[in-house]
Structure formats: C-alpha cells, structure tokens
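Student: As input, take target-v7.cif (mmCIF, C-alpha atoms):
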```cif
data_data
loop_
_atom_site.label_atom_id
_atom_site.label_comp_id
_atom_site.auth_asym_id
_atom_site.auth_seq_id
_atom_site.Cartn_x
_atom_site.Cartn_y
_atom_site.Cartn_z
CA MET A 12 -9.92 1.39 -39.15
CA GLU A 13 -8.87 -1.20 -36.58
CA ALA A 14 -5.89 -0.48 -34.35
CA ASP A 15 -2.77 -2.53 -35.01
CA LEU A 16 -2.18 -4.50 -31.79
CA SER A 17 0.43 -6.87 -33.16
CA GLY A 18 3.26 -5.22 -31.23
CA PHE A 19 1.24 -4.21 -28.18
CA ASN A 20 2.45 -5.59 -24.85
CA ILE A 21 -0.18 -5.07 -22.18
CA ASP A 22 2.29 -5.79 -19.37
CA ALA A 23 4.79 -3.16 -20.52
CA PRO A 24 4.66 -0.19 -18.10
CA ARG A 25 3.12 2.96 -19.57
CA TRP A 26 5.61 5.03 -17.57
CA ASP A 27 9.27 4.40 -16.79
CA GLN A 28 9.33 2.45 -13.52
CA HIS A 29 12.99 3.24 -12.99
CA THR A 30 12.11 6.87 -12.23
CA PHE A 31 10.20 8.23 -9.24
CA LEU A 32 7.89 10.34 -11.41
CA GLY A 33 7.12 7.36 -13.64
CA ARG A 34 6.17 5.25 -10.61
CA VAL A 35 3.99 8.03 -9.18
CA LYS A 36 2.09 8.27 -12.48
CA HIS A 37 1.68 4.48 -12.50
CA PHE A 38 0.28 4.36 -8.98
CA LEU A 39 -1.85 7.46 -9.53
CA ASN A 40 -3.48 5.42 -12.28
CA ILE A 41 -4.05 2.15 -10.42
CA THR A 42 -4.90 3.63 -6.99
CA ASP A 43 -7.66 5.75 -8.53
CA PRO A 44 -10.42 5.51 -5.88
CA ARG A 45 -13.09 5.52 -8.59
CA THR A 46 -12.10 1.94 -9.44
CA VAL A 47 -13.53 0.86 -6.08
CA PHE A 48 -17.02 1.48 -7.45
CA VAL A 49 -16.53 -0.50 -10.66
CA SER A 50 -18.89 -3.48 -10.90
CA GLU A 51 -17.72 -7.08 -10.49
CA ARG A 52 -18.84 -7.75 -14.03
CA GLU A 53 -16.60 -5.01 -15.42
CA LEU A 54 -13.64 -6.23 -13.34
CA ASP A 55 -14.12 -9.74 -14.71
CA TRP A 56 -14.25 -8.26 -18.22
CA ALA A 57 -10.96 -6.48 -17.54
CA LYS A 58 -9.29 -9.71 -16.45
CA VAL A 59 -10.49 -11.54 -19.56
CA MET A 60 -9.23 -8.72 -21.80
CA VAL A 61 -5.81 -8.69 -20.11
CA GLU A 62 -5.47 -12.47 -20.40
CA LYS A 63 -6.56 -12.44 -24.05
CA SER A 64 -4.14 -9.62 -24.82
CA ARG A 65 -1.31 -11.64 -23.29
CA MET A 66 -2.22 -14.53 -25.61
CA GLY A 67 -2.60 -12.20 -28.60
CA VAL A 68 -6.24 -13.09 -29.23
CA VAL A 69 -8.13 -9.86 -28.47
CA PRO A 70 -11.57 -9.50 -30.11
CA PRO A 71 -11.64 -7.74 -33.51
CA GLY A 72 -12.22 -4.00 -33.23
CA THR A 73 -10.55 -3.71 -29.82
CA GLN A 74 -8.84 -0.35 -29.32
CA VAL A 75 -5.61 0.33 -27.40
CA GLU A 76 -7.55 2.65 -25.05
CA GLN A 77 -9.83 -0.24 -24.11
CA LEU A 78 -6.88 -2.47 -23.28
CA LEU A 79 -5.19 0.25 -21.23
CA TYR A 80 -8.40 0.79 -19.27
CA ALA A 81 -8.76 -2.97 -18.74
CA LYS A 82 -5.16 -3.12 -17.45
CA LYS A 83 -5.86 -0.23 -15.08
CA LEU A 84 -8.84 -2.08 -13.59
CA TYR A 85 -6.89 -5.34 -13.50
CA ASP A 86 -3.92 -3.81 -11.67
CA SER A 87 -6.23 -2.07 -9.19
CA ALA A 88 -8.24 -5.16 -8.26
CA PHE A 89 -6.20 -8.31 -8.94
CA HIS A 90 -3.11 -9.50 -7.08
CA PRO A 91 0.09 -9.29 -9.19
CA ASP A 92 1.35 -12.68 -7.95
CA THR A 93 -1.78 -14.84 -8.01
CA GLY A 94 -4.08 -12.99 -10.42
CA GLU A 95 -6.88 -13.44 -7.88
CA LYS A 96 -9.37 -10.68 -7.18
CA MET A 97 -8.49 -8.85 -3.96
CA ASN A 98 -11.06 -7.87 -1.36
CA VAL A 99 -12.29 -4.31 -1.86
CA ILE A 100 -11.19 -2.91 1.51
CA GLY A 101 -7.66 -4.27 1.15
CA ARG A 102 -7.00 -2.72 -2.27
CA MET A 103 -4.68 0.28 -2.50
CA SER A 104 -7.43 2.06 -4.43
CA PHE A 105 -9.47 1.96 -1.19
CA GLN A 106 -6.74 3.79 0.74
CA LEU A 107 -8.30 7.18 0.01
CA PRO A 108 -11.91 6.53 1.11
CA GLY A 109 -10.95 4.17 3.93
CA GLY A 110 -7.86 6.02 5.13
CA MET A 111 -9.42 9.48 5.13
CA ILE A 112 -12.29 8.40 7.36
CA ILE A 113 -10.10 6.56 9.87
CA THR A 114 -7.34 9.20 9.90
CA GLY A 115 -9.85 12.04 10.29
CA PHE A 116 -11.51 10.42 13.28
CA MET A 117 -8.21 9.40 14.88
CA LEU A 118 -7.04 13.01 14.72
CA GLN A 119 -10.35 14.37 15.96
CA PHE A 120 -11.00 11.99 18.85
CA TYR A 121 -7.60 11.87 20.54
CA ARG A 122 -8.50 13.36 23.92
CA THR A 123 -10.37 10.53 25.69
CA MET A 124 -8.87 7.11 26.37
CA PRO A 125 -11.83 5.04 25.07
CA ALA A 126 -11.80 6.98 21.78
CA VAL A 127 -8.03 6.55 21.42
CA ILE A 128 -8.26 2.80 21.99
CA PHE A 129 -11.24 2.37 19.66
CA TRP A 130 -9.82 4.30 16.69
CA GLN A 131 -6.36 2.76 17.01
CA TRP A 132 -8.03 -0.65 16.97
CA VAL A 133 -10.06 0.28 13.89
CA ASN A 134 -6.95 1.60 12.13
CA GLN A 135 -4.86 -1.47 12.85
CA SER A 136 -7.69 -3.77 11.76
CA PHE A 137 -7.78 -1.86 8.48
CA ASN A 138 -3.98 -1.93 8.15
CA ALA A 139 -3.80 -5.66 8.86
CA LEU A 140 -6.26 -6.35 6.06
CA VAL A 141 -4.37 -4.06 3.66
CA ASN A 142 -1.02 -5.64 4.58
CA TYR A 143 -2.35 -9.16 4.08
CA THR A 144 -4.06 -8.27 0.79
CA ASN A 145 -0.94 -6.62 -0.68
CA ARG A 146 1.64 -9.09 0.58
CA ASN A 147 3.91 -11.12 -1.68
CA ALA A 148 1.49 -14.02 -2.15
CA ALA A 149 4.25 -16.47 -3.05
CA SER A 150 4.87 -16.84 0.70
CA PRO A 151 1.71 -18.23 2.35
CA THR A 152 0.66 -16.99 5.79
CA SER A 153 -1.25 -19.21 8.23
CA VAL A 154 -4.33 -18.13 10.17
CA ARG A 155 -2.33 -18.39 13.40
CA GLN A 156 0.36 -16.06 12.06
CA MET A 157 -2.25 -13.56 10.87
CA ALA A 158 -3.97 -13.60 14.26
CA LEU A 159 -0.65 -13.10 16.09
CA SER A 160 0.33 -10.27 13.73
CA TYR A 161 -3.01 -8.55 14.19
CA PHE A 162 -2.90 -8.85 17.99
CA THR A 163 0.72 -7.65 18.21
CA ALA A 164 0.22 -4.63 15.94
CA THR A 165 -3.02 -3.60 17.62
CA THR A 166 -1.47 -3.93 21.07
CA THR A 167 1.57 -1.88 19.97
CA ALA A 168 -0.59 0.90 18.53
CA VAL A 169 -2.90 1.11 21.53
CA ALA A 170 -0.04 0.91 24.05
CA THR A 171 1.91 3.64 22.22
CA ALA A 172 -1.14 5.91 21.95
CA VAL A 173 -2.24 5.40 25.56
CA GLY A 174 1.29 5.75 26.94
CA MET A 175 2.05 8.91 24.99
CA ASN A 176 -1.34 10.38 25.85
CA MET A 177 -0.50 10.01 29.53
CA LEU A 178 2.97 11.47 29.05
CA THR A 179 1.71 14.48 27.10
CA LYS A 180 -1.17 15.50 29.36
CA LYS A 181 0.74 18.57 30.53
CA ALA A 182 2.34 19.26 27.17
CA PRO A 183 1.03 21.87 24.70
CA PRO A 184 -2.21 20.77 22.97
CA LEU A 185 -0.46 20.40 19.61
CA VAL A 186 1.84 17.72 21.01
CA GLY A 187 -1.19 15.67 22.05
CA ARG A 188 -2.55 15.92 18.51
CA TRP A 189 0.61 14.26 17.18
CA VAL A 190 0.18 11.18 19.39
CA PRO A 191 -1.96 9.31 16.78
CA PHE A 192 0.83 9.58 14.20
CA ALA A 193 3.42 8.24 16.65
CA ALA A 194 1.13 5.28 17.36
CA VAL A 195 0.51 4.65 13.67
CA ALA A 196 4.23 4.81 12.84
CA ALA A 197 5.13 2.44 15.69
CA ALA A 198 2.40 -0.01 14.73
CA ASN A 199 3.48 -0.03 11.07
CA CYS A 200 6.95 -1.06 12.16
CA VAL A 201 5.35 -4.08 13.84
CA ASN A 202 2.26 -4.84 11.76
CA ILE A 203 3.89 -5.24 8.36
CA PRO A 204 6.88 -7.42 9.40
CA MET A 205 4.61 -9.54 11.60
CA MET A 206 1.99 -10.01 8.88
CA ARG A 207 4.74 -11.02 6.45
CA GLN A 208 6.96 -12.89 8.88
CA GLN A 209 6.85 -16.02 6.73
CA GLU A 210 8.88 -14.17 4.10
CA LEU A 211 11.49 -13.30 6.73
CA ILE A 212 11.61 -16.90 7.96
CA LYS A 213 11.56 -18.82 4.66
CA GLY A 214 12.56 -16.09 2.23
CA ILE A 215 10.78 -14.31 -0.60
CA CYS A 216 10.61 -15.78 -4.11
CA VAL A 217 13.26 -14.26 -6.42
CA LYS A 218 13.24 -14.63 -10.21
CA ASP A 219 15.47 -14.02 -13.19
CA ARG A 220 14.77 -11.38 -15.84
CA ASN A 221 12.49 -13.84 -17.69
CA GLU A 222 10.29 -14.41 -14.64
CA ASN A 223 11.73 -17.88 -13.97
CA GLU A 224 11.83 -18.73 -10.27
CA ILE A 225 15.36 -19.10 -8.92
CA GLY A 226 14.88 -19.58 -5.19
CA HIS A 227 13.94 -17.83 -1.94
CA SER A 228 15.91 -15.14 -0.15
CA ARG A 229 15.47 -13.81 3.40
CA ARG A 230 17.70 -10.83 2.59
CA ALA A 231 15.45 -9.83 -0.29
CA ALA A 232 12.42 -10.18 2.00
CA ALA A 233 14.00 -7.88 4.60
CA ILE A 234 14.66 -5.22 1.95
CA GLY A 235 11.16 -5.43 0.49
CA ILE A 236 9.41 -5.28 3.87
CA THR A 237 11.59 -2.36 5.03
CA GLN A 238 10.66 -0.42 1.91
CA VAL A 239 6.96 -1.10 2.48
CA VAL A 240 7.21 0.11 6.10
CA ILE A 241 8.88 3.34 4.95
CA SER A 242 6.23 3.84 2.27
CA ARG A 243 3.34 3.36 4.69
CA ILE A 244 4.75 5.78 7.25
CA THR A 245 5.44 8.31 4.49
CA MET A 246 1.86 7.92 3.27
CA ALA A 247 0.47 8.88 6.68
CA ALA A 248 3.06 11.48 7.72
CA PRO A 249 2.04 14.71 5.91
CA GLY A 250 -1.62 14.49 6.85
CA MET A 251 -1.07 13.36 10.43
CA ILE A 252 1.69 15.92 11.08
CA LEU A 253 0.42 18.99 9.21
CA LEU A 254 -3.31 18.54 9.76
CA PRO A 255 -3.04 18.91 13.56
CA VAL A 256 -1.23 22.23 13.03
CA ILE A 257 -3.97 23.40 10.67
CA MET A 258 -6.78 22.33 13.00
CA GLU A 259 -5.06 23.84 16.04
CA ARG A 260 -5.20 27.23 14.35
CA LEU A 261 -8.65 26.83 12.81
CA GLU A 262 -10.26 25.83 16.11
CA LYS A 263 -9.18 29.11 17.65
CA LEU A 264 -11.30 31.04 15.16
CA HIS A 265 -14.61 32.36 16.51
CA PHE A 266 -16.84 30.83 13.84
CA MET A 267 -15.14 27.42 14.19
CA GLN A 268 -15.93 27.35 17.91
CA LYS A 269 -19.62 27.67 17.01
CA VAL A 270 -19.64 24.69 14.65
CA LYS A 271 -17.76 22.05 16.64
CA VAL A 272 -19.99 19.36 15.16
CA LEU A 273 -18.31 20.01 11.80
CA HIS A 274 -14.74 19.58 13.08
CA ALA A 275 -14.68 15.80 12.50
CA PRO A 276 -16.11 15.96 8.94
CA LEU A 277 -13.62 18.73 8.15
CA GLN A 278 -10.70 16.61 9.36
CA VAL A 279 -11.96 13.69 7.27
CA MET A 280 -12.15 15.88 4.16
CA LEU A 281 -8.71 17.41 4.74
CA SER A 282 -7.24 13.94 5.37
CA GLY A 283 -8.58 12.94 1.97
CA CYS A 284 -6.89 15.96 0.38
CA PHE A 285 -3.53 14.75 1.71
CA LEU A 286 -4.09 11.07 0.85
CA ILE A 287 -5.17 11.66 -2.74
CA PHE A 288 -1.58 12.73 -3.41
CA MET A 289 0.30 10.76 -0.78
CA VAL A 290 -1.01 7.29 -1.71
CA PRO A 291 0.62 7.30 -5.19
CA VAL A 292 3.66 9.25 -3.94
CA ALA A 293 4.33 6.80 -1.10
CA CYS A 294 3.70 3.74 -3.28
CA GLY A 295 6.09 5.19 -5.87
CA LEU A 296 9.01 5.71 -3.49
CA PHE A 297 10.39 2.28 -4.44
CA PRO A 298 9.76 0.06 -7.48
CA GLN A 299 7.18 -2.65 -6.83
CA LYS A 300 9.35 -5.06 -8.82
CA CYS A 301 12.63 -4.81 -6.96
CA GLU A 302 16.01 -5.43 -8.58
CA LEU A 303 18.68 -6.85 -6.30
CA PRO A 304 22.33 -7.68 -7.11
CA VAL A 305 23.10 -11.38 -6.86
CA SER A 306 26.13 -10.47 -4.72
CA TYR A 307 23.77 -9.31 -1.94
CA LEU A 308 21.96 -12.65 -1.67
CA GLU A 309 22.76 -15.49 0.71
CA PRO A 310 25.99 -17.34 -0.26
CA LYS A 311 24.17 -20.61 -0.95
CA LEU A 312 21.70 -18.91 -3.28
CA GLN A 313 24.55 -17.07 -5.01
CA ASP A 314 26.24 -20.42 -5.70
CA THR A 315 23.00 -21.83 -7.12
CA ILE A 316 22.59 -18.87 -9.48
CA LYS A 317 26.23 -18.92 -10.63
CA ALA A 318 26.04 -22.67 -11.28
CA LYS A 319 22.93 -22.20 -13.42
CA TYR A 320 23.62 -18.88 -15.14
CA GLY A 321 27.32 -18.25 -14.67
CA GLU A 322 27.97 -14.50 -14.64
CA LEU A 323 25.12 -13.80 -17.08
CA GLU A 324 22.56 -13.05 -14.39
CA PRO A 325 23.89 -10.17 -12.22
CA TYR A 326 20.47 -9.31 -10.75
CA VAL A 327 17.39 -11.06 -9.38
CA TYR A 328 13.88 -9.64 -9.20
CA PHE A 329 11.01 -9.94 -6.75
CA ASN A 330 7.66 -8.34 -5.94
CA LYS A 331 8.07 -6.42 -2.66
CA GLY A 332 4.30 -6.00 -2.22
CA LEU A 333 2.60 -2.76 -1.25
#
```
So, in terms of structure tokens, how does the structure I just supplied come out?
Tutor:
Amino acid sequence: MEADLSGFNIDAPRWDQHTFLGRVKHFLNITDPRTVFVSERELDWAKVMVEKSRMGVVPPGTQVEQLLYAKKLYDSAFHPDTGEKMNVIGRMSFQLPGGMIITGFMLQFYRTMPAVIFWQWVNQSFNALVNYTNRNAASPTSVRQMALSYFTATTTAVATAVGMNMLTKKAPPLVGRWVPFAAVAAANCVNIPMMRQQELIKGICVKDRNENEIGHSRRAAAIGITQVVISRITMAAPGMILLPVIMERLEKLHFMQKVKVLHAPLQVMLSGCFLIFMVPVACGLFPQKCELPVSYLEPKLQDTIKAKYGELEPYVYFNKGL
C-alpha cells in the first residue's frame, strides 16, 4: 500500500523549533557526521526529492521515510538561503571530524611557540571557511572582505595565544593548557562579525511569516551574529576547558608517561566525544530562523512594515546562519 503524501509538508520541522530540546534533536539529525561520506549522486537525489515534494509530484511508491532521509541529507549539505551545495569542510556535519582533529592537536601542542602559531592558524582557516559557508547568503561578501576577515581573525587568535603563553610561563601547567581556548574564544568574537560584516553594514534580509522579503535590518544582523558567536564559543568550551583537566591528571599516571606518543591521538578522540554532543547542543541554543518584534527594528523599516501590513505583522523573520 502506498503512503498517503497528500498532506505531507517536507519543510515542516519534525521537532518543535520553539523548544531547546526540539532544536537539539533537529541539529543532531542534520549535523550527523555520517552524511559527510554520502556520495554526490545521493546528495543530488536528495535535492531532487525535496524539490519534487515541495511541488507535490513525488514518484509513485515513495515512502515518508525516504522523504525524511532526503530532507536530512538536503539540510546537511545545501545552503538554506540559496539551495546550493556547500563545500564539505564548511558543513556543520564536518564539525565533528574536522573539529576533533584540530582541537585535539591545539590542546596537545600548546607548549612551543611554532606549534601554537601553526595550530591557531589551522583552526582559524577552518573557522573562516565554516563561517563563510554558513553565513546568511542573502548578504554577499566580497573577496577583499573575506581576506580581511581571515587575516584579522588569524592575527587575533595567534596574538592572544602567543601573548597568554608568555604571561602564563610561570603559572601552573593547567593554566597554560587553557590558553588555546582563550585564543579560540577571542578569535570567534572577531572572525564571525568580520566574515559577516556586510550584514552589519547593509543589514540582513528580513521576511514576513509567508517568506516575503520586507527589507534589510542592521539590528537583526547584530542579534543573529551575536547568537552565532555565543553558539560557537559554547561549542568549544566544554572540550577545551574540561579536557585539559582530564589530561593533566592522566599524564601523571605511570603508564601514560610511557606512551607519550599516544597522548595526541587520545586528545583527538576525547575532543570528538565532547563535540558529538556539543555541536547539536550549541547549534540548538537559538532558533536558526529568528523571530524579531517589528518594534525592535530601525524606525524607517518599522514605518515601511506598518504602511504595508498595518498592525497585522508584529514580527519579522530571518535566517541567522550557523
């Protein structure tokens, strides 16, 4: 018996996006690192199935489970604004494999200056690509702006790490292990706003409840970018704060001192254990589709909305990015 898909809406969230738990379940689904290894052919199939479902012309015999799986692949690999396929490394589903390797090595090789500089550079290169890939694509970013953002964030991270390393040379060893997190947090506060500065300058696209574009708001952009910064720092915090404490104690054990070559792989593995939970948790802190009261927008934009909708449109909506 064929499934009745007449009332099926593929874009309707499977979990309530107004609740934290619902958002965590949603992002646990679409940030599944296994989707990174799905073939291009299967991703293209997923896009076709999603588009056909939206038009109500799915092939006969299609099951709901197939459409839900197609939507999972689509959300993991295609940009929500443009529908274009995102580069693999920049996808949030790559945060686990990519982040665990970089975080593990940053935490392991924090003692020498060349290692600190190299791994902070690698991390900020990775972050810049992720930030660009998951931006609100309605606000284009020039090559010059991307280059400036990348240089500024990398310089901030390296300067913070090097400066704090010098200041903590006489501090307890555990304090030195926390330097990478301080550098990462500082760089996130620079990297994301710089990479998305066009949104802060020209405003982010805001829409009504029916997805009709209303205008652009700098205030909405500031809120969205702030939320993304908080999410990214939250994503890194547990692993980069607790893992140094764990390793500090483990490295004092006799058998651990005999297998120093395994310390880096162990940190990578433990970083992955933190990230597998923290990626969906951090992404779910705030709704991806933000709701903002019209009264908070710029006065000119408020007047435009009231002239067009009267008092019938109390909120606007926008994609804050990830």
Student: Restricting the calculation to only C-alpha atoms, which member of A:Gln209, A:Ser50, A:Ser160, A:Gln119 is positioned closest to Val272 in chain A?
Tutor: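 Between A:Gln209, A:Ser50, A:Ser160, A:Gln119, the residue approaching Val272 in chain A most closely is A:Gln119.
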Student: Which one of A:Asn138, A:Ser64, A:Gln131, A:Asn98 sits closest to Glu51 in chain A if you count all atoms listed in the file?
Tutor: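 Ranking A:Asn138, A:Ser64, A:Gln131, A:Asn98 by distance to Glu51 in chain A, first place goes to A:Asn98.
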Student: When you look at Arg229 in chain A with a cut-off of 12 Å (counting all atoms listed in the file), what residues show up, excluding the ones that are within fewer than 4 positions of it in the same chain? I need them as JSON, numbers by chain.
Tutor: {"A": [150, 207, 208, 209, 210, 211, 212, 213, 214, 215, 216, 217, 233, 234, 235, 236, 307, 308, 309, 310, 311, 312, 329]}
Student: Looking at A:Asn145, A:Leu107, A:Leu39, A:Gly72, which one is nearest to Phe89 in chain A, with distances taken over only C-alpha atoms?
Tutor: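 Looking at the shortest contact to Phe89 in chain A, the residue is A:Asn145.
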Student: Do a neighbour search on range 297-302 of chain A at 8 Å with all atoms listed in the file, toss out local chain neighbours closer than 3 positions, and write the hits as number ranges by chain.
Tutor: A: 28-29, 31, 34, 235, 238, 294, 326-333
Student: Let me make sure I understand: among A:Pro184, A:Pro204, A:Gly101, A:Pro291, which one has the smallest atom-to-atom distance to Tyr161 in chain A if we use all atoms listed in the file?
Tutor: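 Nearest candidate to Tyr161 in chain A out of A:Pro184, A:Pro204, A:Gly101, A:Pro291: A:Pro204.
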Student: Since the input has fewer atoms than a full residue there, write range 81-102 of chain A out with N, CA, C and O atoms, as a short mmCIF file (atom, residue, chain, number, x, y, z; two decimals), in the frame of the given file.
Tutor:
```cif
data_model
loop_
_atom_site.label_atom_id
_atom_site.label_comp_id
_atom_site.auth_asym_id
_atom_site.auth_seq_id
_atom_site.Cartn_x
_atom_site.Cartn_y
_atom_site.Cartn_z
N ALA A 81 -8.62 -1.64 -19.33
CA ALA A 81 -8.76 -2.97 -18.74
C ALA A 81 -7.57 -3.27 -17.83
O ALA A 81 -7.72 -3.83 -16.74
N LYS A 82 -6.36 -2.88 -18.27
CA LYS A 82 -5.16 -3.12 -17.45
C LYS A 82 -5.19 -2.29 -16.18
O LYS A 82 -4.76 -2.75 -15.10
N LYS A 83 -5.73 -1.07 -16.26
CA LYS A 83 -5.86 -0.23 -15.08
C LYS A 83 -6.77 -0.91 -14.05
O LYS A 83 -6.43 -1.00 -12.86
N LEU A 84 -7.92 -1.40 -14.50
CA LEU A 84 -8.84 -2.08 -13.59
C LEU A 84 -8.22 -3.36 -13.05
O LEU A 84 -8.35 -3.69 -11.87
N TYR A 85 -7.52 -4.08 -13.91
CA TYR A 85 -6.89 -5.34 -13.50
C TYR A 85 -5.85 -5.09 -12.42
O TYR A 85 -5.83 -5.77 -11.38
N ASP A 86 -4.97 -4.11 -12.65
CA ASP A 86 -3.92 -3.81 -11.67
C ASP A 86 -4.49 -3.29 -10.36
O ASP A 86 -3.88 -3.47 -9.30
N SER A 87 -5.64 -2.63 -10.41
CA SER A 87 -6.23 -2.07 -9.19
C SER A 87 -6.93 -3.12 -8.35
O SER A 87 -7.06 -2.95 -7.13
N ALA A 88 -7.37 -4.21 -8.97
CA ALA A 88 -8.24 -5.16 -8.26
C ALA A 88 -7.71 -6.58 -8.16
O ALA A 88 -8.22 -7.36 -7.35
N PHE A 89 -6.69 -6.93 -8.94
CA PHE A 89 -6.20 -8.31 -8.94
C PHE A 89 -4.75 -8.36 -8.45
O PHE A 89 -3.95 -7.49 -8.77
N HIS A 90 -4.45 -9.39 -7.67
CA HIS A 90 -3.11 -9.50 -7.08
C HIS A 90 -2.08 -9.80 -8.16
O HIS A 90 -2.29 -10.68 -9.00
N PRO A 91 -0.93 -9.09 -8.14
CA PRO A 91 0.09 -9.29 -9.19
C PRO A 91 0.74 -10.67 -9.17
O PRO A 91 1.26 -11.12 -10.20
N ASP A 92 0.73 -11.36 -8.03
CA ASP A 92 1.35 -12.68 -7.95
C ASP A 92 0.39 -13.80 -8.34
O ASP A 92 0.75 -14.71 -9.09
N THR A 93 -0.83 -13.74 -7.83
CA THR A 93 -1.78 -14.84 -8.01
C THR A 93 -2.80 -14.59 -9.11
O THR A 93 -3.40 -15.53 -9.63
N GLY A 94 -3.04 -13.32 -9.45
CA GLY A 94 -4.08 -12.99 -10.42
C GLY A 94 -5.48 -13.09 -9.83
O GLY A 94 -6.48 -12.93 -10.55
N GLU A 95 -5.57 -13.34 -8.52
CA GLU A 95 -6.88 -13.44 -7.88
C GLU A 95 -7.42 -12.06 -7.51
O GLU A 95 -6.65 -11.15 -7.20
N LYS A 96 -8.74 -11.95 -7.52
CA LYS A 96 -9.37 -10.68 -7.18
C LYS A 96 -9.20 -10.41 -5.69
O LYS A 96 -9.48 -11.26 -4.84
N MET A 97 -8.72 -9.22 -5.36
CA MET A 97 -8.49 -8.85 -3.96
C MET A 97 -9.77 -8.31 -3.34
O MET A 97 -10.64 -7.76 -4.05
N ASN A 98 -9.90 -8.44 -2.03
CA ASN A 98 -11.06 -7.87 -1.36
C ASN A 98 -11.02 -6.35 -1.49
O ASN A 98 -9.95 -5.74 -1.53
N VAL A 99 -12.19 -5.74 -1.57
CA VAL A 99 -12.29 -4.31 -1.86
C VAL A 99 -11.55 -3.46 -0.83
O VAL A 99 -10.78 -2.54 -1.17
N ILE A 100 -11.76 -3.74 0.45
CA ILE A 100 -11.19 -2.91 1.51
C ILE A 100 -9.67 -2.98 1.53
O ILE A 100 -8.99 -2.01 1.87
N GLY A 101 -9.11 -4.10 1.12
CA GLY A 101 -7.66 -4.27 1.15
C GLY A 101 -6.93 -3.69 -0.04
O GLY A 101 -5.70 -3.62 -0.04
N ARG A 102 -7.65 -3.27 -1.08
CA ARG A 102 -7.00 -2.72 -2.27
C ARG A 102 -6.40 -1.35 -1.99
O ARG A 102 -6.95 -0.57 -1.21
#
```
